[in-house]
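model.txt (compact mmCIF, C-alpha atoms) appears below.
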# COMPACT_ATOMS: atom_id res chain seq x y z
CA MET A 13 -14.78 -8.05 -22.48
CA SER A 14 -12.97 -5.59 -24.71
CA VAL A 15 -10.42 -3.13 -23.47
CA ASN A 16 -8.97 0.03 -24.96
CA SER A 17 -5.24 -0.58 -25.24
CA GLY A 18 -5.00 2.73 -27.10
CA CYS A 19 -4.75 4.56 -23.78
CA ILE A 20 -1.46 2.88 -22.85
CA GLY A 21 1.08 5.62 -22.25
CA LYS A 22 -1.50 8.24 -21.38
CA THR A 23 -0.34 10.55 -18.61
CA TYR A 24 -2.25 12.68 -16.13
CA PRO A 25 -1.41 16.04 -14.56
CA ALA A 26 0.85 15.75 -11.52
CA THR A 27 -0.67 16.34 -8.12
CA SER A 28 1.12 17.97 -5.21
CA TYR A 29 0.91 16.82 -1.59
CA ALA A 30 2.26 18.68 1.44
CA VAL A 31 3.29 16.13 4.09
CA GLY A 32 2.08 17.22 7.53
CA ARG A 33 3.33 15.98 10.89
CA GLU A 34 -0.12 15.21 12.29
CA LYS A 35 -1.18 13.41 9.11
CA VAL A 36 1.90 11.20 9.35
CA ARG A 37 1.03 10.44 12.99
CA GLU A 38 -2.62 9.77 12.15
CA TYR A 39 -1.60 7.33 9.42
CA ALA A 40 1.08 5.65 11.53
CA LEU A 41 -1.33 5.09 14.42
CA ALA A 42 -4.08 3.80 12.10
CA VAL A 43 -1.79 1.06 10.78
CA GLY A 44 -0.42 0.17 14.21
CA GLU A 45 3.06 1.65 13.90
CA VAL A 46 4.76 2.50 17.20
CA ASN A 47 8.27 3.38 15.97
CA PRO A 48 9.04 6.82 17.51
CA LEU A 49 10.55 7.92 14.16
CA TYR A 50 6.97 8.20 12.90
CA LEU A 51 5.49 9.83 16.00
CA ASP A 52 8.05 11.91 17.87
CA PRO A 53 9.86 14.83 16.16
CA GLU A 54 12.64 14.73 18.75
CA ALA A 55 13.29 11.05 18.15
CA ALA A 56 13.27 11.66 14.40
CA ARG A 57 15.72 14.58 14.70
CA ALA A 58 17.98 12.52 16.96
CA ALA A 59 18.10 9.94 14.16
CA GLY A 60 19.11 12.59 11.64
CA TYR A 61 15.76 13.41 10.03
CA ASP A 62 14.27 16.92 9.82
CA ASP A 63 10.91 15.85 11.27
CA VAL A 64 8.78 12.75 11.78
CA VAL A 65 9.33 10.13 9.09
CA ALA A 66 6.42 8.89 7.00
CA PRO A 67 6.06 5.09 7.13
CA PRO A 68 6.86 3.70 3.66
CA MET A 69 3.23 2.79 3.02
CA PHE A 70 2.28 6.45 3.55
CA ALA A 71 2.96 6.47 -0.20
CA VAL A 72 -0.71 5.54 -0.45
CA VAL A 73 -1.65 8.90 1.07
CA TYR A 74 0.46 11.13 -1.16
CA SER A 75 -0.03 9.21 -4.41
CA SER A 76 -3.66 7.97 -4.35
CA GLN A 77 -5.14 11.28 -5.39
CA ALA A 78 -2.91 11.24 -8.46
CA VAL A 79 -4.15 7.77 -9.42
CA MET A 80 -7.86 8.65 -9.15
CA PRO A 81 -8.15 10.58 -12.46
CA ALA A 82 -6.71 7.56 -14.28
CA LEU A 83 -9.04 5.14 -12.51
CA PHE A 84 -12.06 7.28 -13.40
CA ASP A 85 -10.94 8.18 -16.95
CA PRO A 86 -13.74 7.16 -19.35
CA GLU A 87 -11.10 6.51 -22.01
CA VAL A 88 -9.61 3.84 -19.73
CA GLY A 89 -13.13 2.60 -19.10
CA ILE A 90 -12.91 0.68 -15.83
CA ASP A 91 -16.21 -0.87 -14.69
CA PHE A 92 -15.99 -0.24 -10.95
CA ALA A 93 -18.73 -2.67 -10.02
CA ARG A 94 -16.51 -5.47 -11.32
CA MET A 95 -13.11 -4.13 -10.29
CA VAL A 96 -10.79 -5.50 -7.63
CA HIS A 97 -7.37 -4.22 -6.58
CA GLY A 98 -5.33 -7.17 -7.72
CA GLY A 99 -1.80 -6.17 -6.90
CA GLN A 100 0.42 -3.39 -5.73
CA GLU A 101 4.10 -2.67 -5.80
CA PHE A 102 6.05 0.22 -4.31
CA ARG A 103 9.75 0.96 -4.81
CA TRP A 104 11.10 3.53 -2.42
CA GLY A 105 13.86 6.08 -2.60
CA PRO A 106 14.81 8.54 0.14
CA LEU A 107 12.41 8.62 3.10
CA VAL A 108 9.64 11.21 3.15
CA VAL A 109 9.43 13.39 6.26
CA ALA A 110 6.90 15.95 7.51
CA GLY A 111 7.45 19.22 5.67
CA ASP A 112 8.20 17.57 2.34
CA GLU A 113 6.26 18.51 -0.78
CA VAL A 114 5.64 15.45 -2.92
CA SER A 115 4.43 15.66 -6.50
CA THR A 116 3.08 12.55 -8.19
CA ALA A 117 2.56 11.87 -11.89
CA VAL A 118 0.62 8.89 -13.21
CA THR A 119 0.91 6.94 -16.47
CA VAL A 120 -1.22 4.14 -17.89
CA LYS A 121 1.35 1.33 -18.12
CA ASP A 122 -0.77 -1.48 -19.47
CA VAL A 123 -4.32 -2.30 -20.44
CA ALA A 124 -4.89 -5.86 -21.53
CA GLU A 125 -7.40 -8.66 -21.64
CA ARG A 126 -6.43 -12.10 -20.43
CA ALA A 127 -8.73 -15.05 -19.78
CA GLY A 128 -11.79 -12.83 -20.01
CA LYS A 129 -10.52 -10.35 -17.46
CA GLY A 130 -9.34 -6.81 -17.96
CA PHE A 131 -5.97 -5.85 -16.45
CA PHE A 132 -5.38 -2.15 -15.86
CA VAL A 133 -1.92 -1.18 -14.66
CA PHE A 134 -1.01 2.35 -13.59
CA GLU A 135 2.38 3.70 -12.56
CA SER A 136 2.78 6.58 -10.14
CA VAL A 137 6.11 8.38 -9.81
CA SER A 138 6.44 10.58 -6.73
CA ARG A 139 9.20 13.16 -6.31
CA ASN A 140 10.04 15.40 -3.40
CA GLN A 141 10.94 19.12 -3.48
CA ARG A 142 14.57 18.21 -4.29
CA ASP A 143 13.36 16.24 -7.35
CA GLU A 144 14.44 12.97 -5.74
CA THR A 145 12.21 10.02 -6.64
CA VAL A 146 10.77 8.95 -3.30
CA CYS A 147 8.40 6.27 -4.56
CA VAL A 148 7.35 4.48 -7.74
CA GLY A 149 4.03 2.70 -7.41
CA THR A 150 2.57 0.06 -9.72
CA TRP A 151 -1.18 -0.30 -9.25
CA THR A 152 -2.84 -3.35 -10.82
CA ASN A 153 -6.62 -3.44 -11.04
CA ILE A 154 -8.51 -6.41 -12.40
CA VAL A 155 -12.00 -6.20 -13.89
CA ARG A 156 -13.98 -9.39 -14.14
CA GLY A 157 -15.72 -10.04 -17.43
CA GLY A 158 -19.46 -10.32 -17.76
CA MET B 24 19.77 -11.98 7.64
CA ARG B 25 20.58 -15.20 5.89
CA PRO B 26 18.68 -17.33 3.39
CA GLY B 27 16.14 -19.42 5.25
CA ASP B 28 15.82 -17.01 8.17
CA GLU B 29 12.24 -16.33 9.18
CA LEU B 30 11.01 -12.86 10.12
CA ASP B 31 9.43 -12.40 13.52
CA VAL B 32 5.77 -13.21 13.06
CA LEU B 33 3.55 -10.12 13.19
CA LYS B 34 0.06 -10.63 14.60
CA VAL B 35 -2.58 -7.91 14.80
CA THR B 36 -6.33 -8.01 15.31
CA PRO B 37 -7.91 -4.95 13.66
CA ASP B 38 -10.69 -3.74 15.93
CA LYS B 39 -14.29 -3.15 14.87
CA TYR B 40 -13.68 0.50 13.90
CA LEU B 41 -10.22 0.12 12.37
CA THR B 42 -11.53 0.41 8.83
CA VAL B 43 -13.09 3.77 9.69
CA ARG B 44 -9.84 5.11 11.12
CA TYR B 45 -7.86 3.75 8.17
CA ALA B 46 -10.35 5.31 5.74
CA GLY B 47 -9.78 8.69 7.35
CA ALA B 48 -6.03 8.25 7.50
CA SER B 49 -5.68 7.03 3.91
CA GLY B 50 -8.50 8.91 2.19
CA ASP B 51 -10.10 5.71 0.85
CA PHE B 52 -13.79 5.92 1.82
CA ASN B 53 -15.07 3.11 -0.41
CA PRO B 54 -18.27 2.07 1.43
CA ILE B 55 -17.39 -1.64 1.29
CA HIS B 56 -14.88 -0.82 4.05
CA ILE B 57 -17.01 1.37 6.32
CA ASP B 58 -20.70 0.64 5.72
CA GLU B 59 -21.94 -2.75 6.95
CA ASP B 60 -25.27 -2.53 5.09
CA PHE B 61 -23.65 -1.52 1.81
CA ALA B 62 -21.06 -4.30 2.08
CA ARG B 63 -23.78 -6.92 2.59
CA GLN B 64 -25.85 -5.51 -0.28
CA VAL B 65 -22.95 -6.13 -2.67
CA GLY B 66 -22.55 -9.70 -1.46
CA LEU B 67 -19.75 -9.36 1.06
CA PRO B 68 -19.92 -10.95 4.52
CA GLY B 69 -19.67 -7.45 5.99
CA ARG B 70 -17.20 -4.57 5.94
CA ILE B 71 -13.80 -5.73 4.70
CA LEU B 72 -10.30 -4.48 5.39
CA HIS B 73 -8.62 -2.16 2.90
CA GLY B 74 -6.10 -4.22 0.95
CA LEU B 75 -3.54 -1.45 1.41
CA TYR B 76 -4.04 -1.66 5.20
CA SER B 77 -3.14 -5.34 5.05
CA MET B 78 -0.17 -4.45 2.82
CA ALA B 79 0.87 -1.92 5.48
CA GLN B 80 0.98 -4.78 8.00
CA VAL B 81 3.23 -6.72 5.64
CA ALA B 82 5.43 -3.62 5.32
CA ARG B 83 5.55 -3.21 9.11
CA ALA B 84 6.77 -6.79 9.53
CA GLN B 85 9.60 -5.99 7.08
CA THR B 86 10.68 -2.70 8.65
CA ASP B 87 10.50 -4.19 12.16
CA ALA B 88 12.76 -7.03 11.01
CA ALA B 89 15.18 -4.83 9.09
CA GLY B 90 15.64 -2.13 11.74
CA GLY B 91 13.61 0.73 10.33
CA PRO B 92 11.82 2.27 7.37
CA HIS B 93 15.02 3.16 5.50
CA ALA B 94 15.65 -0.54 4.87
CA LEU B 95 12.50 -1.24 2.87
CA ARG B 96 13.39 -0.68 -0.79
CA ARG B 97 10.56 -2.54 -2.51
CA LEU B 98 7.38 -4.39 -1.65
CA SER B 99 5.10 -6.08 -4.14
CA VAL B 100 1.94 -7.97 -3.23
CA GLN B 101 -1.04 -9.72 -4.73
CA PHE B 102 -4.36 -9.29 -2.98
CA ARG B 103 -6.48 -12.42 -2.59
CA GLY B 104 -9.72 -13.05 -0.82
CA MET B 105 -10.76 -10.45 1.71
CA GLY B 106 -9.58 -9.39 5.12
CA LEU B 107 -12.07 -8.93 7.93
CA PRO B 108 -12.05 -6.70 11.02
CA GLU B 109 -12.04 -8.42 14.41
CA HIS B 110 -10.08 -11.40 13.07
CA GLU B 111 -6.39 -11.90 13.76
CA LEU B 112 -4.11 -11.14 10.84
CA THR B 113 -0.72 -12.88 10.72
CA VAL B 114 2.27 -11.85 8.61
CA THR B 115 5.10 -14.30 8.06
CA GLY B 116 8.20 -14.05 5.91
CA THR B 117 11.27 -16.02 4.92
CA VAL B 118 14.53 -14.70 3.53
CA ARG B 119 15.04 -16.29 0.12
CA GLU B 120 18.40 -14.82 -0.82
CA VAL B 121 20.87 -12.14 0.19
CA ALA B 122 23.05 -10.44 -2.40
CA ASP B 123 24.88 -7.10 -2.55
CA GLY B 124 23.50 -5.98 0.79
CA VAL B 125 19.89 -6.64 -0.14
CA ALA B 126 17.74 -9.43 1.28
CA LEU B 127 14.86 -10.77 -0.80
CA VAL B 128 12.02 -11.84 1.50
CA GLU B 129 9.01 -13.94 0.53
CA THR B 130 6.11 -12.91 2.71
CA THR B 131 2.37 -13.47 3.14
CA ALA B 132 -0.54 -12.26 5.26
CA GLU B 133 -3.32 -14.59 6.32
CA GLN B 134 -6.42 -14.72 8.46
CA ALA B 135 -7.68 -18.04 9.85
CA GLY B 136 -5.30 -19.91 7.57
CA LYS B 137 -6.50 -18.20 4.37
CA ALA B 138 -4.07 -15.97 2.50
CA ILE B 139 -5.28 -12.41 2.01
CA ILE B 140 -1.92 -11.32 0.59
CA ARG B 141 0.15 -13.83 -1.29
CA ASN B 142 3.15 -13.96 -3.61
CA ALA B 143 4.52 -10.94 -1.81
CA GLU B 144 8.18 -10.02 -2.12
CA ALA B 145 10.18 -7.48 -0.19
CA GLU B 146 13.68 -6.13 -0.72
CA LEU B 147 15.41 -5.08 2.48
CA LEU B 148 18.75 -3.40 2.98
CA VAL B 149 20.86 -5.48 5.35
CA ASP B 150 24.05 -4.54 7.15
Take the structure from the file and write it as structure tokens.
Amino acid sequence: MSVNSGCIGKTYPATSYAVGREKVREYALAVGEVNPLYLDPEAARAAGYDDVVAPPMFAVVYSSQAVMPALFDPEVGIDFARMVHGGQEFRWGPLVVAGDEVSTAVTVKDVAERAGKGFFVFESVSRNQRDETVCVGTWTNIVRGG
Amino acid sequence: MRPGDELDVLKVTPDKYLTVRYAGASGDFNPIHIDEDFARQVGLPGRILHGLYSMAQVARAQTDAAGGPHALRRLSVQFRGMGLPEHELTVTGTVREVADGVALVETTAEQAGKAIIRNAEAELLVD
């Protein structure tokens, strides 16, 4: 298969996500978290946070919508029928809590062909309302040749 | 935490409708996770777990071991195979090294002895 390495470095408009208490709880319960920091505002405040804390993997919720335009960009050219999510990395900064506003910008980090497969790597950088980097995600998608 | 220490093993059996709840919670409604007929049509054994749900279980094992979410600085994983609802998922991890207040943990998730997340690495703040 051929890939378009010319789109490496392409960036997409930042998206904004308002972190809500009930969404944090919904996510925490869906993944089996029982830590009161995620569920109980009083417990979170007692621990020094302004409101319930988002589990680290809540990064998926506030950054996925920023990644979608890159995934579906015809210039990137991913064949979804043959795509698998091959790998994922997150690096976290300060914890996100309910009430935060997180903006996420996405860049195409790498597009390459190896052993007949296409590797598409996107980076998401998420910042809170104080411009602190709360999460950097590296999303690796692999497209089988054919 | 010291090199060679093993994390407490995390075991969870996602119930039949977990993928539906996770789809709603995460916003990922890919039908391979929520539609049994669609999943079979594309050659899967049935609906499969979201990879990022399985990664969240790996993350939970780390934050449980390290004393809270603040301690998890980095997690990288490779997805392999496919996770299935109604099958027990097991996360294990071993501390490889500790330096400058950060533990590097090698961790995996498996179902029925088959890795669904492998070559995973976590960095945890340690006291």
* Residues of chain A no more than 6 Å from chain B, counting only C-alpha atoms: send them over as number ranges by chain. => A: 38-39, 42, 69, 73, 98-104
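Distances here use all atoms listed in the file; by that measure, the residue among A:Gly105, A:Gly111, A:Gly44, A:Gly32 closest to B:Lys34 is A:Gly44.
If only C-alpha atoms are the atoms counted, then among B:Leu72, B:Ile139, B:Val118, B:Leu112 the closest residue to B:Leu33 is B:Leu112.
Counting all atoms listed in the file, the residue from B:Val125, B:Leu148, B:Ala132, B:Ala84 that sits nearest to B:Gly104 is B:Ala132.
Between A:Ala26 and the candidates A:Thr119, A:Glu54, A:Pro68, A:Asp62, the tightest atom-to-atom separation, counting all atoms listed in the file, involves A:Thr119.
The spacing separating atom CA of B:Arg25 from atom CA of B:Glu133 amounts to 23.9 Å.
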* If we count all atoms listed in the file, what is near B:Gly116 at a cut-off of 7 Å, once residues fewer than 6 positions away on the same chain are taken out, given as a ChimeraX atom specification? -> /B:29-30,128-131
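The spacing separating atom CA of A:Gly21 from atom CA of A:Val133 amounts to 10.6 Å.
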* Asked: How many Å separate atom CA of A:Gln141 from atom CA of B:Ala89?
  -> 27.4 Å
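Distances here use all atoms listed in the file; by that measure, the residue among B:Val32, B:Gly106, B:Gln85, B:Met24 closest to B:Ile55 is B:Gly106.
Minimum atom-to-atom distances from A:Ala117, A:Val96, A:Leu107, A:Leu41 to A:Ser76 were compared using all atoms listed in the file, and the lowest value belongs to A:Ala117.
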* Long-range neighbours of B:Arg70 as a PyMOL selection string, 9 Å cut-off, only C-alpha atoms, 2 positions minimum in chain -> chain B and resi 42+54-63+67-68+72+107-108
Skip A:Glu113 itself and residues of its chain fewer than 3 positions away, then list as a compact mmCIF listing (two decimals) with C-alpha atoms, in the frame of the given file all residues within 6 Å of it, counting only C-alpha atoms.
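Okay, this is what ended up in part.txt:
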# COMPACT_ATOMS: atom_id res chain seq x y z
CA TYR A 29 0.91 16.82 -1.59
CA ALA A 30 2.26 18.68 1.44
CA ASN A 140 10.04 15.40 -3.40
CA GLN A 141 10.94 19.12 -3.48
